There are 2 protein chains.
Amino acid sequence: MAAVTGPEIERLIALLSKLPGLGPRSARRAVLQLIKRKETLLVPLTAAMADAVEKACICTICGNVDTQDPCTICRDDRREPTALCVVEDVGDLWALERAGAHKGRYHVLGGVLSALDGVGPNDLNIGKLVERAGNGDIQEVILAMNATVDGQATAHYITDRLSGLGLSVSRLAHGVPVGGELDYLDDGTLAAAMKSRRPF
Amino acid sequence: MAAVTGPEIERLIALLSKLPGLGPRSARRAVLQLIKRKETLLVPLTAAMADAVEKACICTICGNVDTQDPCTICRDDRREPTALCVVEDVGDLWALERAGAHKGRYHVLGGVLSALDGVGPNDLNIGKLVERAGNGDIQEVILAMNATVDGQATAHYITDRLSGLGLSVSRLAHGVPVGGELDYLDDGTLAAAMKSRRPF
């Protein structure tokens, strides 16, 4: 197709379409919206991005994304110091925080062990986790990996690495999601929910 | 929820979630991706946006979005000078160009007439269209509005305004989409397709 717009705008579309959740078509719509709302959207967004380029950093303690290091959560003295929640990615940390599900601090692995993708223990933030878990403050490590094969294999590996430190190691419960209907659930979830049934 | 990340990053998420096709959750994923791929994605995207802030403009002839005025299409001498295609929005122009469906020039209305939304003829780029259509070069005006009630009402209104200029005015065909199955089509489309049937 011949050019219908300037190369700078084509380039903006191409870059935006690399974001997760946006394809070429929605990137085009987004760019038109940005240009239509130049002063109220494009200009502030450009400034916010320049800000992020300058200030965004990874917390050297837990791996959270923030604009200060140590991050907001690691600095927060009101956090429970004895419970450490291990997650695969920063997005999972934010999801648990949105839910208000954990009052302690976090540790971001940066992925999961995967033979298929060639991810081994040294590619993840595991050595640092063992070090943090053994520093005396931590009493419980909560493994909040995704309930996938790789996630659970990683949880097992970490449990092995932490054994001998005298910590209580737990994982998230498997079961029926709140609001979920049995008829739509897979067999594995139903079996896990039945096995872990609770007195009523 | 307490802050889990810096205010600059929260602001970037809030702005990104205003783009069409992105909600708060996908904006959060996009921001994490941007920060993870800082050098390869965030930095070039910020530069491309700053470029767009500086250079993006609306073509004063046709209403296309470009980085030069007149736009690439209006400047292109190889374009058929006698056919003018009228579209609602710049996205429609780009869609027709992707399809290679039109060899002439375009005119972007910037919306459709809508009693409900209080959009009248003076809110659209119609006066300029009548002026262009009457300048002697144009022989055919193709109305490529969406096949909605408002789109078709706008097409009727424009046909009235152009009557007396001695132009041929046409609209896009209604019918079965290529690859479409009759069983899934609405009654209006089927009736239109039957009415406009062609010798085989």
# chains A, B, ... in the order shown; residues from 1 in each chain; ligands from 1
>>> select_by_dssp(residues="range 15-187 of chain B", states="strand (DSSP E or B)", output="number ranges by chain")
B: 57-58, 65-66, 83-87, 105-108, 114, 119, 140-143, 168-171
>>> write_last_selection(atoms="N, CA, C and O atoms", output="short mmCIF file (atom, residue, chain, number, x, y, z; two decimals), in the first residue's frame")
data_model
loop_
_atom_site.label_atom_id
_atom_site.label_comp_id
_atom_site.auth_asym_id
_atom_site.auth_seq_id
_atom_site.Cartn_x
_atom_site.Cartn_y
_atom_site.Cartn_z
N CYS B 57 -0.39 16.97 11.71
CA CYS B 57 -1.31 18.05 11.38
C CYS B 57 -2.46 17.47 10.55
O CYS B 57 -2.41 16.34 10.10
N ILE B 58 -3.49 18.26 10.41
CA ILE B 58 -4.65 17.88 9.62
C ILE B 58 -4.54 18.56 8.27
O ILE B 58 -4.31 19.78 8.21
N VAL B 65 -4.97 12.96 8.33
CA VAL B 65 -3.92 13.21 9.32
C VAL B 65 -2.57 12.90 8.68
O VAL B 65 -2.40 11.83 8.12
N ASP B 66 -1.64 13.82 8.75
CA ASP B 66 -0.34 13.62 8.11
C ASP B 66 0.68 14.48 8.83
O ASP B 66 0.36 15.17 9.81
N ALA B 83 -12.29 11.84 -9.29
CA ALA B 83 -13.13 11.08 -8.35
C ALA B 83 -12.82 11.50 -6.91
O ALA B 83 -11.66 11.49 -6.50
N LEU B 84 -13.86 11.85 -6.17
CA LEU B 84 -13.68 12.29 -4.79
C LEU B 84 -14.50 11.37 -3.88
O LEU B 84 -15.70 11.21 -4.08
N CYS B 85 -13.81 10.76 -2.90
CA CYS B 85 -14.49 9.81 -2.02
C CYS B 85 -14.70 10.49 -0.65
O CYS B 85 -13.74 10.96 -0.04
N VAL B 86 -15.94 10.53 -0.21
CA VAL B 86 -16.27 11.21 1.05
C VAL B 86 -16.38 10.17 2.17
O VAL B 86 -17.12 9.19 2.03
N VAL B 87 -15.61 10.36 3.26
CA VAL B 87 -15.64 9.42 4.38
C VAL B 87 -15.97 10.15 5.68
O VAL B 87 -15.83 11.38 5.76
N ARG B 105 -9.02 11.12 -4.83
CA ARG B 105 -8.71 11.77 -3.57
C ARG B 105 -9.87 11.60 -2.60
O ARG B 105 -10.90 11.01 -2.94
N TYR B 106 -9.69 12.11 -1.39
CA TYR B 106 -10.67 11.91 -0.33
C TYR B 106 -11.16 13.22 0.24
O TYR B 106 -10.52 14.27 0.06
N HIS B 107 -12.27 13.12 0.99
CA HIS B 107 -12.72 14.26 1.79
C HIS B 107 -13.25 13.72 3.12
O HIS B 107 -14.17 12.89 3.13
N VAL B 108 -12.66 14.15 4.21
CA VAL B 108 -13.04 13.64 5.54
C VAL B 108 -14.05 14.60 6.17
O VAL B 108 -13.76 15.79 6.36
N SER B 114 -26.16 13.96 13.33
CA SER B 114 -26.82 13.17 14.34
C SER B 114 -27.69 14.08 15.20
O SER B 114 -27.16 14.92 15.94
N VAL B 119 -25.29 16.98 16.30
CA VAL B 119 -24.32 17.31 15.26
C VAL B 119 -25.09 17.78 14.02
O VAL B 119 -25.85 17.01 13.43
N GLU B 140 -17.08 12.76 -10.24
CA GLU B 140 -17.85 11.79 -9.46
C GLU B 140 -17.55 11.94 -7.97
O GLU B 140 -16.38 12.03 -7.58
N VAL B 141 -18.61 11.96 -7.17
CA VAL B 141 -18.46 11.96 -5.72
C VAL B 141 -18.97 10.62 -5.20
O VAL B 141 -20.10 10.23 -5.48
N ILE B 142 -18.09 9.88 -4.48
CA ILE B 142 -18.45 8.57 -3.96
C ILE B 142 -18.69 8.72 -2.46
O ILE B 142 -17.78 9.10 -1.72
N LEU B 143 -19.90 8.45 -2.01
CA LEU B 143 -20.22 8.61 -0.59
C LEU B 143 -19.92 7.29 0.12
O LEU B 143 -20.63 6.30 -0.05
N SER B 168 -21.84 13.12 -10.93
CA SER B 168 -22.41 11.81 -10.65
C SER B 168 -22.11 11.49 -9.18
O SER B 168 -20.96 11.58 -8.74
N VAL B 169 -23.16 11.19 -8.42
CA VAL B 169 -22.99 10.88 -6.99
C VAL B 169 -23.34 9.41 -6.77
O VAL B 169 -24.41 8.97 -7.17
N SER B 170 -22.41 8.65 -6.15
CA SER B 170 -22.68 7.23 -5.93
C SER B 170 -22.44 6.90 -4.46
O SER B 170 -21.88 7.70 -3.71
N ARG B 171 -22.89 5.72 -4.05
CA ARG B 171 -22.59 5.26 -2.70
C ARG B 171 -22.04 3.85 -2.79
O ARG B 171 -22.21 3.16 -3.80
#
>>> calpha_fit_and_write(fixed="chain B", moving="chain A", output="PDB file with C-alpha atoms, in the first residue's frame")
ATOM      1  CA  MET A   1      -5.682   0.580  47.454  1.00  0.00           C
ATOM      2  CA  ALA A   2      -2.397   1.952  48.769  1.00  0.00           C
ATOM      3  CA  ALA A   3       0.263   2.995  46.272  1.00  0.00           C
ATOM      4  CA  VAL A   4       2.215   0.045  44.915  1.00  0.00           C
ATOM      5  CA  THR A   5       4.317   2.066  42.511  1.00  0.00           C
ATOM      6  CA  GLY A   6       5.441   5.639  41.891  1.00  0.00           C
ATOM      7  CA  PRO A   7       2.952   8.416  41.027  1.00  0.00           C
ATOM      8  CA  GLU A   8       4.651   8.989  37.650  1.00  0.00           C
ATOM      9  CA  ILE A   9       3.973   5.379  36.669  1.00  0.00           C
ATOM     10  CA  GLU A  10       0.386   5.529  37.968  1.00  0.00           C
ATOM     11  CA  ARG A  11      -0.103   8.624  35.815  1.00  0.00           C
ATOM     12  CA  LEU A  12       1.293   6.861  32.751  1.00  0.00           C
ATOM     13  CA  ILE A  13      -1.120   3.954  33.344  1.00  0.00           C
ATOM     14  CA  ALA A  14      -4.052   6.362  33.746  1.00  0.00           C
ATOM     15  CA  LEU A  15      -3.236   8.159  30.472  1.00  0.00           C
ATOM     16  CA  LEU A  16      -2.608   4.973  28.483  1.00  0.00           C
ATOM     17  CA  SER A  17      -5.922   3.519  29.664  1.00  0.00           C
ATOM     18  CA  LYS A  18      -7.702   6.388  27.854  1.00  0.00           C
ATOM     19  CA  LEU A  19      -6.618   5.016  24.469  1.00  0.00           C
ATOM     20  CA  PRO A  20      -9.318   3.152  22.543  1.00  0.00           C
ATOM     21  CA  GLY A  21      -8.857  -0.598  22.985  1.00  0.00           C
ATOM     22  CA  LEU A  22      -6.966  -0.298  26.275  1.00  0.00           C
ATOM     23  CA  GLY A  23      -8.581  -0.484  29.710  1.00  0.00           C
ATOM     24  CA  PRO A  24      -6.918  -0.065  33.115  1.00  0.00           C
ATOM     25  CA  ARG A  25      -5.761  -3.690  33.201  1.00  0.00           C
ATOM     26  CA  SER A  26      -4.225  -3.782  29.738  1.00  0.00           C
ATOM     27  CA  ALA A  27      -2.701  -0.319  30.296  1.00  0.00           C
ATOM     28  CA  ARG A  28      -0.942  -1.740  33.360  1.00  0.00           C
ATOM     29  CA  ARG A  29       0.384  -4.675  31.327  1.00  0.00           C
ATOM     30  CA  ALA A  30       1.502  -2.281  28.598  1.00  0.00           C
ATOM     31  CA  VAL A  31       3.368  -0.078  31.075  1.00  0.00           C
ATOM     32  CA  LEU A  32       5.166  -3.075  32.607  1.00  0.00           C
ATOM     33  CA  GLN A  33       6.154  -4.166  29.116  1.00  0.00           C
ATOM     34  CA  LEU A  34       7.340  -0.648  28.282  1.00  0.00           C
ATOM     35  CA  ILE A  35       9.511  -0.473  31.394  1.00  0.00           C
ATOM     36  CA  LYS A  36      10.856  -3.982  30.899  1.00  0.00           C
ATOM     37  CA  ARG A  37      11.813  -3.094  27.324  1.00  0.00           C
ATOM     38  CA  LYS A  38      12.932   0.428  28.126  1.00  0.00           C
ATOM     39  CA  GLU A  39      15.653   0.852  25.507  1.00  0.00           C
ATOM     40  CA  THR A  40      13.979  -1.036  22.675  1.00  0.00           C
ATOM     41  CA  LEU A  41      10.394   0.173  23.174  1.00  0.00           C
ATOM     42  CA  LEU A  42       9.821   2.936  25.737  1.00  0.00           C
ATOM     43  CA  VAL A  43      12.603   5.253  24.532  1.00  0.00           C
ATOM     44  CA  PRO A  44      11.764   5.005  20.781  1.00  0.00           C
ATOM     45  CA  LEU A  45       8.044   5.307  21.495  1.00  0.00           C
ATOM     46  CA  THR A  46       8.609   8.445  23.556  1.00  0.00           C
ATOM     47  CA  ALA A  47      10.674   9.918  20.726  1.00  0.00           C
ATOM     48  CA  ALA A  48       8.023   8.989  18.136  1.00  0.00           C
ATOM     49  CA  MET A  49       5.347  10.651  20.243  1.00  0.00           C
ATOM     50  CA  ALA A  50       7.387  13.812  20.668  1.00  0.00           C
ATOM     51  CA  ASP A  51       7.811  13.776  16.875  1.00  0.00           C
ATOM     52  CA  ALA A  52       4.058  13.445  16.420  1.00  0.00           C
ATOM     53  CA  VAL A  53       3.362  16.273  18.862  1.00  0.00           C
ATOM     54  CA  GLU A  54       5.593  18.490  16.777  1.00  0.00           C
ATOM     55  CA  LYS A  55       4.709  17.422  13.237  1.00  0.00           C
ATOM     56  CA  ALA A  56       1.251  15.824  13.097  1.00  0.00           C
ATOM     57  CA  CYS A  57      -1.272  18.030  11.341  1.00  0.00           C
ATOM     58  CA  ILE A  58      -4.624  17.871   9.602  1.00  0.00           C
ATOM     59  CA  CYS A  59      -4.602  18.386   5.827  1.00  0.00           C
ATOM     60  CA  THR A  60      -6.425  21.645   5.120  1.00  0.00           C
ATOM     61  CA  ILE A  61      -7.717  20.291   1.795  1.00  0.00           C
ATOM     62  CA  CYS A  62      -9.102  16.856   2.665  1.00  0.00           C
ATOM     63  CA  GLY A  63      -8.846  16.463   6.456  1.00  0.00           C
ATOM     64  CA  ASN A  64      -6.400  13.512   6.428  1.00  0.00           C
ATOM     65  CA  VAL A  65      -3.897  13.216   9.280  1.00  0.00           C
ATOM     66  CA  ASP A  66      -0.308  13.605   8.080  1.00  0.00           C
ATOM     67  CA  THR A  67       2.970  15.317   8.861  1.00  0.00           C
ATOM     68  CA  GLN A  68       2.716  17.648   5.882  1.00  0.00           C
ATOM     69  CA  ASP A  69      -0.048  19.937   4.680  1.00  0.00           C
ATOM     70  CA  PRO A  70      -1.361  19.343   1.991  1.00  0.00           C
ATOM     71  CA  CYS A  71      -1.161  15.633   2.840  1.00  0.00           C
ATOM     72  CA  THR A  72       0.636  12.880   0.929  1.00  0.00           C
ATOM     73  CA  ILE A  73      -2.537  11.920  -0.961  1.00  0.00           C
ATOM     74  CA  CYS A  74      -3.507  15.475  -1.936  1.00  0.00           C
ATOM     75  CA  ARG A  75       0.049  16.076  -3.222  1.00  0.00           C
ATOM     76  CA  ASP A  76       0.142  12.863  -5.270  1.00  0.00           C
ATOM     77  CA  ASP A  77      -0.204  13.832  -8.955  1.00  0.00           C
ATOM     78  CA  ARG A  78      -0.804  10.224 -10.013  1.00  0.00           C
ATOM     79  CA  ARG A  79      -4.161  10.252  -8.267  1.00  0.00           C
ATOM     80  CA  GLU A  80      -7.299  10.282 -10.414  1.00  0.00           C
ATOM     81  CA  PRO A  81      -8.347  13.986 -10.243  1.00  0.00           C
ATOM     82  CA  THR A  82     -11.996  13.466 -11.160  1.00  0.00           C
ATOM     83  CA  ALA A  83     -13.154  11.101  -8.382  1.00  0.00           C
ATOM     84  CA  LEU A  84     -13.681  12.292  -4.813  1.00  0.00           C
ATOM     85  CA  CYS A  85     -14.479   9.813  -2.045  1.00  0.00           C
ATOM     86  CA  VAL A  86     -16.254  11.210   1.027  1.00  0.00           C
ATOM     87  CA  VAL A  87     -15.626   9.414   4.363  1.00  0.00           C
ATOM     88  CA  GLU A  88     -16.688  10.005   7.959  1.00  0.00           C
ATOM     89  CA  ASP A  89     -13.294   9.747   9.620  1.00  0.00           C
ATOM     90  CA  VAL A  90      -9.592   9.468   8.874  1.00  0.00           C
ATOM     91  CA  GLY A  91      -9.676   5.813   9.947  1.00  0.00           C
ATOM     92  CA  ASP A  92     -12.122   5.103   7.109  1.00  0.00           C
ATOM     93  CA  LEU A  93      -9.814   6.828   4.625  1.00  0.00           C
ATOM     94  CA  TRP A  94      -6.909   4.663   5.778  1.00  0.00           C
ATOM     95  CA  ALA A  95      -9.072   1.516   5.562  1.00  0.00           C
ATOM     96  CA  LEU A  96     -10.029   2.291   1.932  1.00  0.00           C
ATOM     97  CA  GLU A  97      -6.378   2.983   1.114  1.00  0.00           C
ATOM     98  CA  ARG A  98      -5.282  -0.312   2.687  1.00  0.00           C
ATOM     99  CA  ALA A  99      -7.813  -2.058   0.481  1.00  0.00           C
ATOM    100  CA  GLY A 100      -6.563  -0.107  -2.543  1.00  0.00           C
ATOM    101  CA  ALA A 101     -10.243   0.500  -3.258  1.00  0.00           C
ATOM    102  CA  HIS A 102     -10.080   4.099  -4.502  1.00  0.00           C
ATOM    103  CA  LYS A 103      -7.629   5.791  -6.869  1.00  0.00           C
ATOM    104  CA  GLY A 104      -8.879   9.363  -6.507  1.00  0.00           C
ATOM    105  CA  ARG A 105      -8.698  11.792  -3.613  1.00  0.00           C
ATOM    106  CA  TYR A 106     -10.667  11.912  -0.355  1.00  0.00           C
ATOM    107  CA  HIS A 107     -12.713  14.269   1.760  1.00  0.00           C
ATOM    108  CA  VAL A 108     -13.021  13.645   5.514  1.00  0.00           C
ATOM    109  CA  LEU A 109     -16.260  14.934   7.078  1.00  0.00           C
ATOM    110  CA  GLY A 110     -15.109  14.540  10.673  1.00  0.00           C
ATOM    111  CA  GLY A 111     -18.273  12.744  11.777  1.00  0.00           C
ATOM    112  CA  VAL A 112     -21.889  12.278  10.712  1.00  0.00           C
ATOM    113  CA  LEU A 113     -25.080  14.257  11.155  1.00  0.00           C
ATOM    114  CA  SER A 114     -26.768  13.168  14.356  1.00  0.00           C
ATOM    115  CA  ALA A 115     -29.861  14.740  15.892  1.00  0.00           C
ATOM    116  CA  LEU A 116     -29.215  12.701  19.053  1.00  0.00           C
ATOM    117  CA  ASP A 117     -25.661  13.983  19.538  1.00  0.00           C
ATOM    118  CA  GLY A 118     -26.557  17.490  18.311  1.00  0.00           C
ATOM    119  CA  VAL A 119     -24.274  17.319  15.264  1.00  0.00           C
ATOM    120  CA  GLY A 120     -25.555  19.575  12.473  1.00  0.00           C
ATOM    121  CA  PRO A 121     -24.227  20.338   8.971  1.00  0.00           C
ATOM    122  CA  ASN A 122     -22.117  23.230  10.257  1.00  0.00           C
ATOM    123  CA  ASP A 123     -20.231  20.927  12.645  1.00  0.00           C
ATOM    124  CA  LEU A 124     -19.004  18.857   9.707  1.00  0.00           C
ATOM    125  CA  ASN A 125     -16.616  19.617   6.871  1.00  0.00           C
ATOM    126  CA  ILE A 126     -19.496  19.859   4.352  1.00  0.00           C
ATOM    127  CA  GLY A 127     -19.207  23.462   3.111  1.00  0.00           C
ATOM    128  CA  LYS A 128     -15.638  22.751   2.019  1.00  0.00           C
ATOM    129  CA  LEU A 129     -16.827  19.571   0.275  1.00  0.00           C
ATOM    130  CA  VAL A 130     -19.421  21.467  -1.790  1.00  0.00           C
ATOM    131  CA  GLU A 131     -16.754  23.991  -2.718  1.00  0.00           C
ATOM    132  CA  ARG A 132     -14.270  21.263  -3.784  1.00  0.00           C
ATOM    133  CA  ALA A 133     -16.940  19.327  -5.696  1.00  0.00           C
ATOM    134  CA  GLY A 134     -17.907  22.454  -7.624  1.00  0.00           C
ATOM    135  CA  ASN A 135     -14.390  23.520  -8.666  1.00  0.00           C
ATOM    136  CA  GLY A 136     -14.667  21.903 -12.139  1.00  0.00           C
ATOM    137  CA  ASP A 137     -12.213  18.997 -11.793  1.00  0.00           C
ATOM    138  CA  ILE A 138     -14.482  16.595  -9.925  1.00  0.00           C
ATOM    139  CA  GLN A 139     -16.899  14.479 -11.980  1.00  0.00           C
ATOM    140  CA  GLU A 140     -17.879  11.786  -9.475  1.00  0.00           C
ATOM    141  CA  VAL A 141     -18.480  11.956  -5.716  1.00  0.00           C
ATOM    142  CA  ILE A 142     -18.460   8.580  -3.980  1.00  0.00           C
ATOM    143  CA  LEU A 143     -20.221   8.614  -0.606  1.00  0.00           C
ATOM    144  CA  ALA A 144     -18.399   6.054   1.579  1.00  0.00           C
ATOM    145  CA  MET A 145     -20.265   6.628   4.834  1.00  0.00           C
ATOM    146  CA  ASN A 146     -20.780   3.783   7.284  1.00  0.00           C
ATOM    147  CA  ALA A 147     -23.960   1.800   6.605  1.00  0.00           C
ATOM    148  CA  THR A 148     -25.578   3.130   9.772  1.00  0.00           C
ATOM    149  CA  VAL A 149     -28.741   5.221  10.068  1.00  0.00           C
ATOM    150  CA  ASP A 150     -26.739   8.403  10.746  1.00  0.00           C
ATOM    151  CA  GLY A 151     -24.235   7.577   8.008  1.00  0.00           C
ATOM    152  CA  GLN A 152     -26.962   7.082   5.417  1.00  0.00           C
ATOM    153  CA  ALA A 153     -28.845  10.207   6.543  1.00  0.00           C
ATOM    154  CA  THR A 154     -25.625  12.169   6.084  1.00  0.00           C
ATOM    155  CA  ALA A 155     -25.185  10.657   2.615  1.00  0.00           C
ATOM    156  CA  HIS A 156     -28.718  11.778   1.667  1.00  0.00           C
ATOM    157  CA  TYR A 157     -28.072  15.277   2.994  1.00  0.00           C
ATOM    158  CA  ILE A 158     -24.850  15.576   0.994  1.00  0.00           C
ATOM    159  CA  THR A 159     -26.558  14.293  -2.154  1.00  0.00           C
ATOM    160  CA  ASP A 160     -29.106  17.128  -1.765  1.00  0.00           C
ATOM    161  CA  ARG A 161     -26.380  19.706  -1.271  1.00  0.00           C
ATOM    162  CA  LEU A 162     -24.513  18.479  -4.361  1.00  0.00           C
ATOM    163  CA  SER A 163     -27.547  18.374  -6.652  1.00  0.00           C
ATOM    164  CA  GLY A 164     -27.388  21.004  -9.383  1.00  0.00           C
ATOM    165  CA  LEU A 165     -23.596  20.729  -9.740  1.00  0.00           C
ATOM    166  CA  GLY A 166     -24.021  18.174 -12.538  1.00  0.00           C
ATOM    167  CA  LEU A 167     -21.947  15.523 -10.751  1.00  0.00           C
ATOM    168  CA  SER A 168     -22.462  11.800 -10.652  1.00  0.00           C
ATOM    169  CA  VAL A 169     -23.016  10.880  -6.982  1.00  0.00           C
ATOM    170  CA  SER A 170     -22.693   7.229  -5.929  1.00  0.00           C
ATOM    171  CA  ARG A 171     -22.581   5.263  -2.697  1.00  0.00           C
ATOM    172  CA  LEU A 172     -20.875   2.013  -1.695  1.00  0.00           C
ATOM    173  CA  ALA A 173     -22.798  -1.178  -2.508  1.00  0.00           C
ATOM    174  CA  HIS A 174     -24.655  -2.971   0.277  1.00  0.00           C
ATOM    175  CA  GLY A 175     -24.510  -6.780   0.185  1.00  0.00           C
ATOM    176  CA  VAL A 176     -23.001  -9.984   1.457  1.00  0.00           C
ATOM    177  CA  PRO A 177     -19.427  -9.389   2.743  1.00  0.00           C
ATOM    178  CA  VAL A 178     -16.840 -11.418   0.809  1.00  0.00           C
ATOM    179  CA  GLY A 179     -16.307 -14.631   2.782  1.00  0.00           C
ATOM    180  CA  GLY A 180     -19.561 -14.099   4.698  1.00  0.00           C
ATOM    181  CA  GLU A 181     -22.191 -16.764   5.317  1.00  0.00           C
ATOM    182  CA  LEU A 182     -25.860 -16.025   4.634  1.00  0.00           C
ATOM    183  CA  ASP A 183     -26.995 -17.743   7.818  1.00  0.00           C
ATOM    184  CA  TYR A 184     -25.126 -15.226   9.971  1.00  0.00           C
ATOM    185  CA  LEU A 185     -26.257 -12.072   8.126  1.00  0.00           C
ATOM    186  CA  ASP A 186     -28.975  -9.735   9.319  1.00  0.00           C
ATOM    187  CA  ASP A 187     -32.260  -9.336   7.429  1.00  0.00           C
ATOM    188  CA  GLY A 188     -31.459  -5.828   6.193  1.00  0.00           C
ATOM    189  CA  THR A 189     -28.232  -6.932   4.512  1.00  0.00           C
ATOM    190  CA  LEU A 190     -29.885  -9.972   2.931  1.00  0.00           C
ATOM    191  CA  ALA A 191     -32.764  -7.865   1.594  1.00  0.00           C
ATOM    192  CA  ALA A 192     -30.309  -5.281   0.199  1.00  0.00           C
ATOM    193  CA  ALA A 193     -28.184  -8.004  -1.419  1.00  0.00           C
ATOM    194  CA  MET A 194     -31.240  -9.594  -3.031  1.00  0.00           C
ATOM    195  CA  LYS A 195     -32.535  -6.255  -4.281  1.00  0.00           C
ATOM    196  CA  SER A 196     -29.174  -5.340  -5.848  1.00  0.00           C
ATOM    197  CA  ARG A 197     -28.550  -8.800  -7.350  1.00  0.00           C
ATOM    198  CA  ARG A 198     -26.292  -8.893 -10.381  1.00  0.00           C
ATOM    199  CA  PRO A 199     -26.428 -10.962 -13.581  1.00  0.00           C
ATOM    200  CA  PHE A 200     -24.096 -13.971 -13.184  1.00  0.00           C
TER     201      PHE A 200
END
>>> select_by_dssp(residues="range 25-59 of chain A", states="alpha helix (DSSP H)", output="list in words")
Arg25, Ser26, Ala27, Arg28, Arg29, Ala30, Val31, Leu32, Gln33, Leu34, Ile35, Lys36, Val43, Pro44, Leu45, Thr46, Ala47, Ala48, Met49, Ala50, Asp51, Ala52, Val53, Glu54 and Lys55 of chain A
>>> write_last_selection(atoms="C-alpha atoms", output="CSV table (one decimal), in the first residue's frame")
chain,number,residue,atom,x,y,z
A,25,ARG,CA,-5.6,-1.9,13.7
A,26,SER,CA,-6.1,-0.7,17.2
A,27,ALA,CA,-2.8,1.1,17.2
A,28,ARG,CA,-4.0,3.0,14.2
A,29,ARG,CA,-7.2,4.0,16.0
A,30,ALA,CA,-5.2,4.9,19.1
A,31,VAL,CA,-2.9,7.2,17.0
A,32,LEU,CA,-5.9,8.9,15.4
A,33,GLN,CA,-7.3,9.5,18.8
A,34,LEU,CA,-4.0,10.8,20.2
A,35,ILE,CA,-3.7,13.3,17.3
A,36,LYS,CA,-7.3,14.3,17.6
A,43,VAL,CA,1.1,16.0,25.0
A,44,PRO,CA,0.5,14.7,28.6
A,45,LEU,CA,1.2,11.1,27.6
A,46,THR,CA,4.5,12.1,25.9
A,47,ALA,CA,5.5,14.0,29.0
A,48,ALA,CA,4.5,11.0,31.3
A,49,MET,CA,6.6,8.7,29.1
A,50,ALA,CA,9.6,10.9,29.2
A,51,ASP,CA,9.2,11.0,33.0
A,52,ALA,CA,9.1,7.2,33.0
A,53,VAL,CA,12.2,6.9,30.8
A,54,GLU,CA,14.0,9.0,33.3
A,55,LYS,CA,12.7,7.7,36.6
